[in-house]
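Undergrad: One file is attached below, target05.cif, containing mmCIF, C-alpha atoms and all ligand atoms.
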```cif
data_data
loop_
_atom_site.label_atom_id
_atom_site.label_comp_id
_atom_site.auth_asym_id
_atom_site.auth_seq_id
_atom_site.Cartn_x
_atom_site.Cartn_y
_atom_site.Cartn_z
CA MET A 1 0.64 20.04 18.98
CA ALA A 2 -2.21 17.65 18.17
CA LEU A 3 -2.50 13.97 19.10
CA ILE A 4 -4.27 11.71 16.60
CA LEU A 5 -5.44 8.13 17.21
CA GLY A 6 -5.34 6.09 14.00
CA ILE A 7 -7.29 2.90 13.26
CA GLU A 8 -6.56 0.60 10.31
CA SER A 9 -8.65 -2.48 9.42
CA SER A 10 -9.08 -2.50 5.63
CA CYS A 11 -7.31 -5.77 4.89
CA ASP A 12 -5.67 -8.35 7.15
CA GLU A 13 -3.86 -6.20 9.70
CA THR A 14 -5.68 -4.80 12.71
CA ALA A 15 -3.65 -1.75 13.67
CA VAL A 16 -3.83 1.18 16.06
CA ALA A 17 -1.39 4.07 16.51
CA LEU A 18 -1.06 7.29 18.38
CA VAL A 19 0.82 9.95 16.38
CA ALA A 20 1.61 13.56 17.26
CA SER A 21 1.49 16.35 14.71
CA ASP A 22 5.24 16.89 15.26
CA ARG A 23 5.73 13.42 13.71
CA ARG A 24 6.38 11.45 16.87
CA VAL A 25 4.81 7.99 16.85
CA LEU A 26 3.93 7.70 20.54
CA ALA A 27 2.69 4.13 20.33
CA GLN A 28 1.58 1.65 17.73
CA ARG A 29 0.36 -1.91 17.70
CA ILE A 30 -0.35 -4.29 14.83
CA ALA A 31 -2.17 -7.60 15.14
CA SER A 32 -1.40 -9.62 12.02
CA GLN A 33 -3.91 -12.18 10.77
CA ASP A 34 -1.41 -14.09 8.63
CA GLU A 35 -1.95 -17.30 10.63
CA ALA A 36 -5.72 -17.18 10.16
CA HIS A 37 -5.51 -16.75 6.37
CA ARG A 38 -2.47 -18.95 5.66
CA PRO A 39 -4.46 -22.19 5.10
CA TYR A 40 -6.38 -20.45 2.30
CA GLY A 41 -3.38 -18.87 0.55
CA GLY A 42 -4.99 -15.43 0.64
CA VAL A 43 -7.16 -13.13 2.71
CA VAL A 44 -10.66 -14.49 3.43
CA PRO A 45 -12.91 -11.41 3.95
CA GLU A 46 -15.24 -13.05 6.50
CA ILE A 47 -12.37 -14.29 8.63
CA ALA A 48 -10.71 -10.88 8.41
CA ALA A 49 -13.82 -8.97 9.51
CA ARG A 50 -14.38 -11.29 12.47
CA ALA A 51 -10.74 -11.03 13.55
CA HIS A 52 -10.83 -7.21 13.37
CA ALA A 53 -14.00 -7.19 15.50
CA GLU A 54 -12.39 -9.43 18.13
CA ARG A 55 -9.05 -7.65 18.28
CA LEU A 56 -9.63 -3.97 17.73
CA ALA A 57 -11.05 -2.84 21.10
CA PRO A 58 -8.31 -4.48 23.22
CA LEU A 59 -5.67 -3.19 20.77
CA ILE A 60 -6.88 0.39 21.22
CA GLY A 61 -6.71 0.00 25.01
CA ASP A 62 -3.19 -1.45 24.80
CA THR A 63 -1.96 1.30 22.46
CA LEU A 64 -3.25 4.07 24.72
CA ALA A 65 -1.68 2.28 27.70
CA ASP A 66 1.68 2.03 25.86
CA ALA A 67 1.60 5.79 25.33
CA GLY A 68 0.53 6.31 28.93
CA CYS A 69 -2.44 8.45 28.02
CA GLY A 70 -6.21 8.27 27.98
CA LEU A 71 -8.70 9.06 25.25
CA ASP A 72 -9.18 12.53 26.75
CA ALA A 73 -5.65 13.46 25.62
CA VAL A 74 -6.46 12.60 22.01
CA ASP A 75 -7.46 15.48 19.70
CA ALA A 76 -9.07 13.48 16.88
CA ILE A 77 -9.82 9.90 15.77
CA ALA A 78 -8.69 8.94 12.28
CA ALA A 79 -10.11 5.70 10.91
CA THR A 80 -9.68 4.03 7.53
CA ALA A 81 -13.03 4.38 5.72
CA GLY A 82 -11.99 2.57 2.52
CA PRO A 83 -11.05 1.29 0.06
CA GLY A 84 -10.74 -2.31 1.19
CA LEU A 85 -12.64 -5.35 2.37
CA ILE A 86 -15.88 -3.77 3.44
CA GLY A 87 -16.51 -5.91 6.55
CA GLY A 88 -13.16 -4.98 8.04
CA VAL A 89 -13.44 -1.33 7.03
CA MET A 90 -16.82 -1.13 8.78
CA VAL A 91 -15.43 -2.61 11.99
CA GLY A 92 -12.70 0.05 12.18
CA LEU A 93 -14.85 2.95 11.04
CA VAL A 94 -17.77 2.14 13.37
CA THR A 95 -15.34 1.77 16.28
CA GLY A 96 -13.80 5.15 15.41
CA LYS A 97 -17.22 6.75 15.19
CA ALA A 98 -18.32 5.31 18.54
CA MET A 99 -15.16 6.58 20.24
CA ALA A 100 -15.48 9.99 18.60
CA MET A 101 -19.09 10.26 19.72
CA ALA A 102 -18.49 9.01 23.27
CA ALA A 103 -15.44 11.19 23.83
CA GLY A 104 -16.72 14.21 21.92
CA LYS A 105 -13.74 14.19 19.53
CA PRO A 106 -13.75 14.87 15.78
CA LEU A 107 -13.76 11.89 13.42
CA ILE A 108 -11.52 11.99 10.36
CA ALA A 109 -12.35 9.38 7.69
CA ILE A 110 -9.16 8.35 5.93
CA ASN A 111 -8.66 6.90 2.48
CA HIS A 112 -6.29 3.96 3.07
CA LEU A 113 -4.43 4.84 -0.14
CA GLU A 114 -3.92 8.40 1.07
CA GLY A 115 -2.46 6.88 4.24
CA HIS A 116 0.15 5.08 2.10
CA ALA A 117 0.63 8.14 -0.10
CA LEU A 118 1.32 10.57 2.76
CA SER A 119 3.32 8.11 4.93
CA PRO A 120 6.66 9.30 3.48
CA ARG A 121 5.94 12.76 4.93
CA LEU A 122 5.74 11.18 8.39
CA SER A 123 9.19 9.63 8.10
CA ASP A 124 10.71 12.45 6.04
CA PRO A 125 9.82 15.95 7.29
CA ALA A 126 11.64 17.58 4.36
CA LEU A 127 9.46 15.96 1.69
CA GLU A 128 7.54 18.68 -0.13
CA PHE A 129 4.60 18.51 -2.56
CA PRO A 130 4.42 17.73 -5.41
CA TYR A 131 6.17 14.35 -5.46
CA GLY A 132 5.94 11.33 -7.71
CA LEU A 133 4.56 8.25 -5.97
CA VAL A 134 4.70 4.59 -6.88
CA LEU A 135 2.06 2.88 -4.77
CA VAL A 136 2.57 -0.87 -4.93
CA SER A 137 0.64 -3.14 -2.57
CA GLY A 138 -1.45 -6.29 -2.59
CA GLY A 139 -4.54 -4.47 -3.83
CA HIS A 140 -3.12 -1.48 -5.69
CA CYS A 141 -0.53 -0.65 -8.28
CA GLN A 142 -0.53 3.00 -9.27
CA ILE A 143 1.72 5.88 -10.23
CA LEU A 144 0.48 9.19 -8.84
CA ARG A 145 1.57 12.77 -8.68
CA VAL A 146 0.86 13.92 -5.12
CA ASP A 147 0.09 17.63 -5.29
CA GLY A 148 -1.17 18.01 -1.73
CA VAL A 149 -3.42 16.46 0.92
CA GLY A 150 -6.42 15.10 -0.99
CA ARG A 151 -4.91 16.22 -4.32
CA PHE A 152 -3.72 13.43 -6.54
CA ARG A 153 -3.28 12.90 -10.24
CA ARG A 154 -3.23 9.24 -11.26
CA LEU A 155 -0.92 8.65 -14.20
CA ALA A 156 -1.06 4.88 -14.26
CA THR A 157 -2.83 1.90 -12.78
CA THR A 158 -2.91 -1.83 -13.44
CA ILE A 159 -5.23 -3.24 -16.05
CA ASP A 160 -5.39 -6.56 -14.17
CA ASP A 161 -3.39 -7.69 -11.12
CA ALA A 162 -1.60 -5.49 -8.59
CA LEU A 163 2.13 -6.11 -8.18
CA GLY A 164 1.77 -7.49 -4.64
CA GLU A 165 -0.96 -9.79 -5.91
CA ALA A 166 1.44 -11.06 -8.60
CA PHE A 167 4.04 -11.77 -5.89
CA ASP A 168 1.41 -13.57 -3.81
CA LYS A 169 0.18 -15.66 -6.75
CA THR A 170 3.74 -16.53 -7.76
CA ALA A 171 4.38 -17.65 -4.19
CA LYS A 172 1.26 -19.81 -4.31
CA ILE A 173 2.33 -21.40 -7.62
CA LEU A 174 5.77 -22.14 -6.15
CA GLY A 175 4.24 -23.49 -2.93
CA LEU A 176 5.84 -20.80 -0.76
CA GLY A 177 2.77 -19.99 1.32
CA TYR A 178 1.20 -16.72 2.33
CA PRO A 179 2.02 -13.82 2.38
CA GLY A 180 4.07 -14.39 -0.70
CA GLY A 181 6.11 -11.25 -1.29
CA PRO A 182 8.82 -11.75 1.33
CA ALA A 183 9.10 -15.49 0.50
CA VAL A 184 9.55 -14.82 -3.23
CA GLU A 185 12.15 -12.14 -2.49
CA ARG A 186 14.13 -14.49 -0.24
CA LEU A 187 14.08 -17.34 -2.76
CA ALA A 188 14.91 -15.00 -5.66
CA ARG A 189 18.28 -14.23 -4.01
CA GLU A 190 19.32 -17.85 -4.61
CA GLY A 191 18.13 -18.03 -8.20
CA ASP A 192 19.35 -17.09 -11.67
CA ALA A 193 16.90 -14.65 -13.28
CA SER A 194 18.21 -15.35 -16.78
CA ALA A 195 17.49 -19.08 -16.51
CA VAL A 196 13.75 -18.72 -17.15
CA PRO A 197 12.39 -16.70 -20.09
CA LEU A 198 9.39 -14.66 -18.87
CA PRO A 199 7.41 -11.88 -20.61
CA ARG A 200 7.43 -8.19 -19.69
CA PRO A 201 3.77 -7.19 -20.29
CA LEU A 202 3.16 -3.69 -21.74
CA LEU A 203 6.90 -2.93 -21.85
CA GLY A 204 7.42 0.12 -24.06
CA SER A 205 3.71 0.88 -24.46
CA LYS A 206 2.73 4.55 -24.66
CA GLU A 207 0.50 4.85 -21.59
CA PRO A 208 2.40 4.04 -18.37
CA HIS A 209 -0.13 1.41 -17.17
CA PHE A 210 0.78 -1.97 -15.69
CA SER A 211 -0.27 -5.52 -16.42
CA PHE A 212 0.87 -8.56 -14.45
CA ALA A 213 -1.70 -11.27 -15.27
CA GLY A 214 0.28 -12.54 -18.29
CA LEU A 215 3.47 -12.69 -16.22
CA LYS A 216 1.71 -14.74 -13.57
CA SER A 217 0.39 -17.18 -16.23
CA ALA A 218 3.91 -17.51 -17.63
CA VAL A 219 5.18 -18.32 -14.13
CA LEU A 220 2.54 -21.05 -13.90
CA ARG A 221 3.59 -22.50 -17.27
CA ALA A 222 7.27 -22.41 -16.27
CA LYS A 223 6.48 -24.26 -13.05
CA GLU A 224 4.29 -26.84 -14.79
CA SER A 225 6.93 -27.52 -17.43
CA GLY A 226 9.09 -29.06 -14.71
CA GLU A 227 12.19 -27.62 -16.42
CA TYR A 228 13.13 -25.00 -13.87
CA CYS A 229 13.88 -24.88 -10.16
CA ASN A 230 11.79 -22.67 -7.88
CA ALA A 231 14.64 -20.27 -7.09
CA ASP A 232 15.26 -19.54 -10.77
CA ILE A 233 11.53 -18.99 -11.39
CA ALA A 234 11.31 -16.64 -8.38
CA ALA A 235 14.38 -14.68 -9.53
CA ALA A 236 13.10 -14.47 -13.13
CA PHE A 237 9.65 -13.35 -11.95
CA GLN A 238 11.09 -10.66 -9.69
CA GLN A 239 13.39 -9.39 -12.45
CA ALA A 240 10.53 -9.26 -14.98
CA ALA A 241 8.41 -7.35 -12.45
CA ILE A 242 11.24 -4.89 -11.83
CA ASP A 243 11.82 -4.37 -15.56
CA CYS A 244 8.10 -3.57 -16.01
CA LEU A 245 8.04 -1.26 -12.99
CA VAL A 246 11.10 0.70 -14.13
CA ASP A 247 9.92 0.98 -17.75
CA ARG A 248 6.41 2.15 -16.78
CA LEU A 249 7.78 4.61 -14.28
CA GLU A 250 10.25 6.09 -16.78
CA ARG A 251 7.24 6.68 -19.02
CA ALA A 252 5.19 8.29 -16.23
CA LEU A 253 8.07 10.56 -15.19
CA ASP A 254 7.80 12.24 -18.60
CA ALA A 255 4.42 13.58 -17.45
CA MET A 256 5.49 14.54 -13.92
CA SER A 257 7.74 17.54 -14.44
CA GLY A 258 8.38 19.67 -11.36
CA ILE A 259 8.25 16.90 -8.77
CA THR A 260 10.59 17.20 -5.79
CA ALA A 261 11.27 13.48 -5.31
CA LEU A 262 10.39 9.95 -6.31
CA VAL A 263 8.67 8.10 -3.49
CA VAL A 264 7.67 4.46 -3.13
CA ALA A 265 4.99 3.27 -0.72
CA GLY A 266 2.83 0.20 -0.13
CA GLY A 267 3.72 -3.31 1.00
CA VAL A 268 5.81 -4.20 -2.07
CA ALA A 269 8.11 -1.28 -1.20
CA ALA A 270 9.53 -3.62 1.44
CA ASN A 271 11.29 -5.48 -1.42
CA GLN A 272 14.99 -4.57 -1.41
CA ALA A 273 15.59 -5.43 -5.06
CA ILE A 274 12.70 -3.18 -6.08
CA ARG A 275 13.93 -0.38 -3.83
CA GLY A 276 17.38 -0.66 -5.38
CA ALA A 277 16.02 -0.48 -8.94
CA LEU A 278 13.86 2.54 -8.11
CA GLU A 279 16.75 4.28 -6.40
CA THR A 280 18.87 3.87 -9.56
CA LEU A 281 15.99 5.13 -11.69
CA ALA A 282 15.53 8.20 -9.48
CA ALA A 283 19.25 9.00 -9.58
CA ARG A 284 19.23 8.66 -13.37
CA ASN A 285 16.47 11.30 -13.45
CA GLY A 286 18.20 13.59 -10.95
CA LEU A 287 15.55 13.03 -8.25
CA PRO A 288 15.96 12.23 -4.57
CA PHE A 289 14.56 8.76 -3.80
CA ILE A 290 12.47 8.30 -0.68
CA ALA A 291 11.26 5.01 0.73
CA PRO A 292 9.69 4.99 4.18
CA PRO A 293 11.00 2.48 6.75
CA LEU A 294 9.62 -1.03 6.20
CA ALA A 295 7.17 -0.83 9.10
CA LEU A 296 5.55 2.20 7.43
CA CYS A 297 5.37 0.48 4.01
CA THR A 298 3.16 -2.46 4.90
CA ASP A 299 -0.30 -1.76 6.31
CA ASN A 300 -0.13 0.08 9.61
CA ALA A 301 -2.08 2.64 11.62
CA ALA A 302 0.67 5.25 12.01
CA MET A 303 0.13 6.22 8.36
CA ILE A 304 -3.62 6.54 9.01
CA ALA A 305 -3.04 8.66 12.10
CA TRP A 306 -0.55 10.79 10.14
CA ALA A 307 -3.00 11.36 7.26
CA GLY A 308 -5.45 12.34 10.01
CA ALA A 309 -2.90 14.78 11.44
CA GLU A 310 -2.40 16.38 8.01
CA ARG A 311 -6.18 16.79 7.60
CA TYR A 312 -6.65 17.94 11.20
CA ALA A 313 -4.04 20.66 10.63
CA MET A 314 -6.17 21.85 7.70
CA GLY A 315 -9.23 22.04 9.95
CA GLN A 316 -10.96 19.05 8.37
CA SER A 317 -13.21 16.47 9.99
CA ASP A 318 -16.03 14.21 8.82
CA PRO A 319 -19.64 13.65 9.90
CA LEU A 320 -20.45 10.58 11.99
CA ASP A 321 -22.65 9.21 9.20
CA PHE A 322 -19.66 8.99 6.81
CA ALA A 323 -20.22 5.70 4.94
CA ALA A 324 -17.55 3.02 4.51
CA ARG A 325 -16.39 2.83 0.90
CA PRO A 326 -15.29 -0.47 -0.65
CA ARG A 327 -13.92 1.55 -3.60
CA TRP A 328 -12.47 5.02 -3.24
CA PRO A 329 -10.11 6.23 -5.97
CA LEU A 330 -7.57 8.88 -4.99
CA ASP A 331 -8.05 10.65 -8.30
CA PRO A 332 -11.78 10.68 -9.11
CA ASP A 333 -11.06 12.18 -12.54
CA ALA A 334 -8.81 9.34 -13.67
CA GLN A 335 -10.20 7.53 -16.70
CA PRO A 336 -10.87 3.81 -16.36
CA VAL A 337 -8.31 1.90 -18.41
CA ARG A 338 -9.07 -0.74 -21.00
CA GLY A 339 -9.21 -4.15 -19.37
CA ALA A 340 -9.41 -2.70 -15.88
CA GLY A 341 -11.24 -4.92 -13.42
CA VAL A 342 -12.19 -4.04 -9.89
CA LYS A 343 -9.06 -2.10 -8.88
CA ALA A 344 -9.72 1.44 -7.70
O1 LIG B 1 0.33 -2.48 1.70
P1 LIG B 1 0.10 -3.91 2.09
O2 LIG B 1 0.58 -4.34 3.46
O3 LIG B 1 -1.41 -4.28 2.00
C1 LIG B 1 -2.25 -3.84 0.97
O4 LIG B 1 -2.83 -2.72 1.12
O5 LIG B 1 -2.34 -4.58 -0.02
O6 LIG B 1 0.78 -4.81 0.98
C2 LIG B 1 0.79 -6.21 1.07
C3 LIG B 1 1.42 -6.76 -0.19
C4 LIG B 1 1.30 -8.27 -0.32
O7 LIG B 1 0.89 -8.58 -1.63
C5 LIG B 1 2.72 -8.76 -0.06
O8 LIG B 1 3.04 -9.98 -0.70
C6 LIG B 1 3.54 -7.61 -0.60
O9 LIG B 1 2.84 -6.45 -0.21
N1 LIG B 1 4.90 -7.62 -0.06
C7 LIG B 1 6.00 -7.83 -0.80
C8 LIG B 1 7.09 -7.84 0.11
N2 LIG B 1 6.60 -7.64 1.36
C9 LIG B 1 5.25 -7.50 1.24
N3 LIG B 1 6.15 -8.01 -2.12
C10 LIG B 1 7.41 -8.19 -2.57
N4 LIG B 1 8.49 -8.25 -1.78
C11 LIG B 1 8.40 -8.08 -0.44
N5 LIG B 1 9.47 -8.13 0.34
ZN ZN B 2 -2.22 -1.05 2.10
#
```
Let's see the structure in the file written out as structure tokens.
TA:
Amino acid sequence: MALILGIESSCDETAVALVASDRRVLAQRIASQDEAHRPYGGVVPEIAARAHAERLAPLIGDTLADAGCGLDAVDAIAATAGPGLIGGVMVGLVTGKAMAMAAGKPLIAINHLEGHALSPRLSDPALEFPYGLVLVSGGHCQILRVDGVGRFRRLATTIDDALGEAFDKTAKILGLGYPGGPAVERLAREGDASAVPLPRPLLGSKEPHFSFAGLKSAVLRAKESGEYCNADIAAAFQQAAIDCLVDRLERALDAMSGITALVVAGGVAANQAIRGALETLAARNGLPFIAPPLALCTDNAAMIAWAGAERYAMGQSDPLDFAARPRWPLDPDAQPVRGAGVKA
């Protein structure tokens, strides 16, 4: 049995976890920075990096104390090395390196997206490769076939905004504050989705890619028209997003024969309406549907420690000069898509 310490600092959560290779999460702590970023309606990279630097060391001490063990009991240190906001990534990675060096433990550099992608195997021991994965978060929106640890085939990505980003921007337009996803979901429950006509970008198109920028602009126009109440706009936005997600995924499933399950991961997977729609879609295609518990969906360090445990079991570790990567695609062979901006 191996014990892995995980460190996550790629966006606005400083997180540390201690996970055993038999899937027990011995301790985990998350320090959210929502309060610090709220006045700006989004994550400010400088503020995030500073907050990670201030909070990480005490958080590691507290997490080890919670588990009642010292660093000597740990077998390896897994730290997010990208992709993400580079200042924050560097804080976590450098801390991981320093601990690995001081304690003479191996360092395992983790791709944050692989953390999300493998997290369902932490909560669901029966989940076998290959599985179909919808990764929907604030920075990423992809459909992947997960063939194994470090083995991914990207079938679709977004040509503009990520789905979580669209939720956050909709929340901003509606004055709901930050982070926007949960607020939009709550308000959507009180609204009538059919009251506001909104587009479904790329619906029915051949490649299974996503686009949400046009939907966001339509939300802005609906708000500015003054004709609709916020709850109806939120409900209509969420329904349009779900329709796009389901349509694109149906298309991608055509190219994913042989998968054992349909899995959703990333912060947007916390959305109950989206989970419900994906569950129906999976059932329609005769696939088990797997969604990790909410705490494993949003950014956390247990998923980083678990990805470390999977790599440790394969005998992998990384050199201490491993560089932080602001961009780090899971499938390096995936072709860039027309209109794609900075998304990995
Ligand atoms: O995975 P995550 O914690 O961080 C990234 O790696 O991006 O995802 C955060 C994103 C945010 O955009 C947030 O608004 C969205 O996930 N989110 C939701 C919900 N909870 C979080 N979106 C829709 N509905 C939710 N309930
Ligand atoms: Zn994430």
Undergrad: Using only C-alpha atoms and all ligand atoms, I'd like a table of the residues in chain A that come within 12 Å of ligand ZN 2 (chain B); for each, show the closest atom pair and its distance in Å rounded to one decimal, ordered by chain and ascending number, as a tab-separated table.
TA:
```
residue	atom	partner	partner_atom	distance
A:Glu8	CA	B:ZN2	ZN	9.4
A:Ser9	CA	B:ZN2	ZN	9.8
A:Ser10	CA	B:ZN2	ZN	7.9
A:Cys11	CA	B:ZN2	ZN	7.5
A:Asp12	CA	B:ZN2	ZN	9.5
A:Glu13	CA	B:ZN2	ZN	9.3
A:Thr14	CA	B:ZN2	ZN	11.8
A:Ala15	CA	B:ZN2	ZN	11.7
A:Thr80	CA	B:ZN2	ZN	10.5
A:Gly82	CA	B:ZN2	ZN	10.4
A:Pro83	CA	B:ZN2	ZN	9.4
A:Gly84	CA	B:ZN2	ZN	8.7
A:Leu85	CA	B:ZN2	ZN	11.3
A:Asn111	CA	B:ZN2	ZN	10.2
A:His112	CA	B:ZN2	ZN	6.5
A:Leu113	CA	B:ZN2	ZN	6.7
A:Glu114	CA	B:ZN2	ZN	9.7
A:Gly115	CA	B:ZN2	ZN	8.2
A:His116	CA	B:ZN2	ZN	6.6
A:Ala117	CA	B:ZN2	ZN	9.9
A:Ser119	CA	B:ZN2	ZN	11.1
A:Leu135	CA	B:ZN2	ZN	9.0
A:Val136	CA	B:ZN2	ZN	8.5
A:Ser137	CA	B:ZN2	ZN	5.9
A:Gly138	CA	B:ZN2	ZN	7.1
A:Gly139	CA	B:ZN2	ZN	7.2
A:His140	CA	B:ZN2	ZN	7.9
A:Cys141	CA	B:ZN2	ZN	10.5
A:Ala162	CA	B:ZN2	ZN	11.6
A:Gly164	CA	B:ZN2	ZN	10.1
A:Glu165	CA	B:ZN2	ZN	11.9
A:Ala265	CA	B:ZN2	ZN	8.9
A:Gly266	CA	B:ZN2	ZN	5.7
A:Gly267	CA	B:ZN2	ZN	6.4
A:Val268	CA	B:ZN2	ZN	9.6
A:Ala269	CA	B:ZN2	ZN	10.8
A:Ala295	CA	B:ZN2	ZN	11.7
A:Leu296	CA	B:ZN2	ZN	10.0
A:Cys297	CA	B:ZN2	ZN	8.0
A:Thr298	CA	B:ZN2	ZN	6.2
A:Asp299	CA	B:ZN2	ZN	4.7
A:Asn300	CA	B:ZN2	ZN	7.9
A:Ala301	CA	B:ZN2	ZN	10.2
A:Met303	CA	B:ZN2	ZN	9.9
A:Ile304	CA	B:ZN2	ZN	10.4
```
Undergrad: With a cut-off of 12 Å, could you pull out the residues of range 7-50 of chain A touching range 172-193 of chain A and give me the nearest pair of atoms for each, distance in Å to one decimal, using all atoms listed in the file, ordered by chain and ascending number, as a tab-separated table?
TA:
```
residue	atom	partner	partner_atom	distance
A:Asp12	CA	A:Pro179	CA	10.6
A:Ser32	CA	A:Pro179	CA	11.1
A:Gln33	CA	A:Pro179	CA	10.4
A:Asp34	CA	A:Pro179	CA	7.1
A:Glu35	CA	A:Tyr178	CA	8.9
A:Ala36	CA	A:Tyr178	CA	10.5
A:His37	CA	A:Tyr178	CA	7.8
A:Arg38	CA	A:Tyr178	CA	5.4
A:Pro39	CA	A:Tyr178	CA	8.3
A:Tyr40	CA	A:Tyr178	CA	8.4
A:Gly41	CA	A:Tyr178	CA	5.4
A:Gly42	CA	A:Tyr178	CA	6.5
A:Val43	CA	A:Tyr178	CA	9.1
```
Undergrad: Hey, can you check how far CA of Val134 in chain A sits from CA of Gly87 in chain A?
TA: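 Straight-line distance from CA of Val134 in chain A to CA of Gly87 in chain A works out to 27.2 Å.
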Undergrad: List every residue of range 273-310 of chain A that has an atom at most 12 Å from any atom of range 146-156 of chain A, giving for each one its closest atom pair and the distance in Å to one decimal, counting all atoms listed in the file, sorted by chain and then by ascending residue number, as JSON lines.
TA:
```
{"residue": "A:Trp306", "atom": "CA", "partner": "A:Val149", "partner_atom": "CA", "distance": 11.2}
{"residue": "A:Ala307", "atom": "CA", "partner": "A:Val149", "partner_atom": "CA", "distance": 8.1}
{"residue": "A:Gly308", "atom": "CA", "partner": "A:Val149", "partner_atom": "CA", "distance": 10.2}
{"residue": "A:Ala309", "atom": "CA", "partner": "A:Val149", "partner_atom": "CA", "distance": 10.7}
{"residue": "A:Glu310", "atom": "CA", "partner": "A:Val149", "partner_atom": "CA", "distance": 7.2}
```
Undergrad: With only C-alpha atoms as the basis for distance, which of A:Ala103, A:Leu26, A:Met90, A:Ala109 is at the shortest distance from Gly68 in chain A?
TA: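 Answer, going by the shortest atom-to-atom distance: A:Leu26.
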Undergrad: Which of these, A:Leu281, A:Ala324, A:Leu163, A:Ile259, has the shortest distance to Val91 in chain A once you count only C-alpha atoms?
TA: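 For Val91 in chain A, the nearest of the given residues is A:Ala324.
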Undergrad: Once you add 3 Å to each side, what are the centre and edge lengths of the axis-aligned box holding all listed atoms of ligand LIG 1 (chain B)? One decimal in Å, as AutoDock Vina command-line options, if you can.
TA:
```
--center_x 3.3 --center_y -6.2 --center_z 0.4 --size_x 18.3 --size_y 13.5 --size_z 12.0
```
Undergrad: From the set A:Leu93, A:Val74, A:Ile7, A:Val25, which residue has the shortest atom-to-atom contact distance to Arg325 in chain A, counting only C-alpha atoms?
TA: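 Of all the options, A:Leu93 lies closest to Arg325 in chain A.
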Undergrad: I'd like the interatomic distance between CA of Gly226 in chain A and CA of Ser194 in chain A, to a tenth of an Å.
TA: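 Pair CA of Gly226 in chain A / CA of Ser194 in chain A returns 16.6 Å.
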Undergrad: I'd like the interatomic distance between CA of Arg29 in chain A and CA of Met314 in chain A, to a tenth of an Å.
TA: 26.6 Å
Undergrad: Go through A:Ala323, A:Cys69, A:Ala57, A:Leu215 and flag the residue nearest Asp161 in chain A, using only C-alpha atoms for the distances.
TA: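 Answer, going by the shortest atom-to-atom distance: A:Leu215.
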Undergrad: Of the candidates A:Lys206, A:Arg275, A:Arg248, A:Arg311, which one gets nearest to ligand LIG 1 (chain B) if we count all atoms listed in the file?
TA: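 Counting all atoms listed in the file, the residue closest to ligand LIG 1 (chain B) is A:Arg275.
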Undergrad: Please list, as a list in words, the residues that have an atom at most 10 Å away from (-9.9, 8.5, 27.7) in the coordinates of this file, counting all atoms listed in the file.
TA: Gly61, Leu64, Cys69, Gly70, Leu71, Asp72, Ala73, Val74, Met99, Ala102 and Ala103 of chain A
Undergrad: From the options A:Leu262, A:Leu144, A:Leu320, A:Ala171, which residue's atoms come nearest to ligand LIG 1 (chain B), counting only C-alpha atoms and all ligand atoms?
TA: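 Among the listed residues, the smallest separation from ligand LIG 1 (chain B) belongs to A:Ala171.
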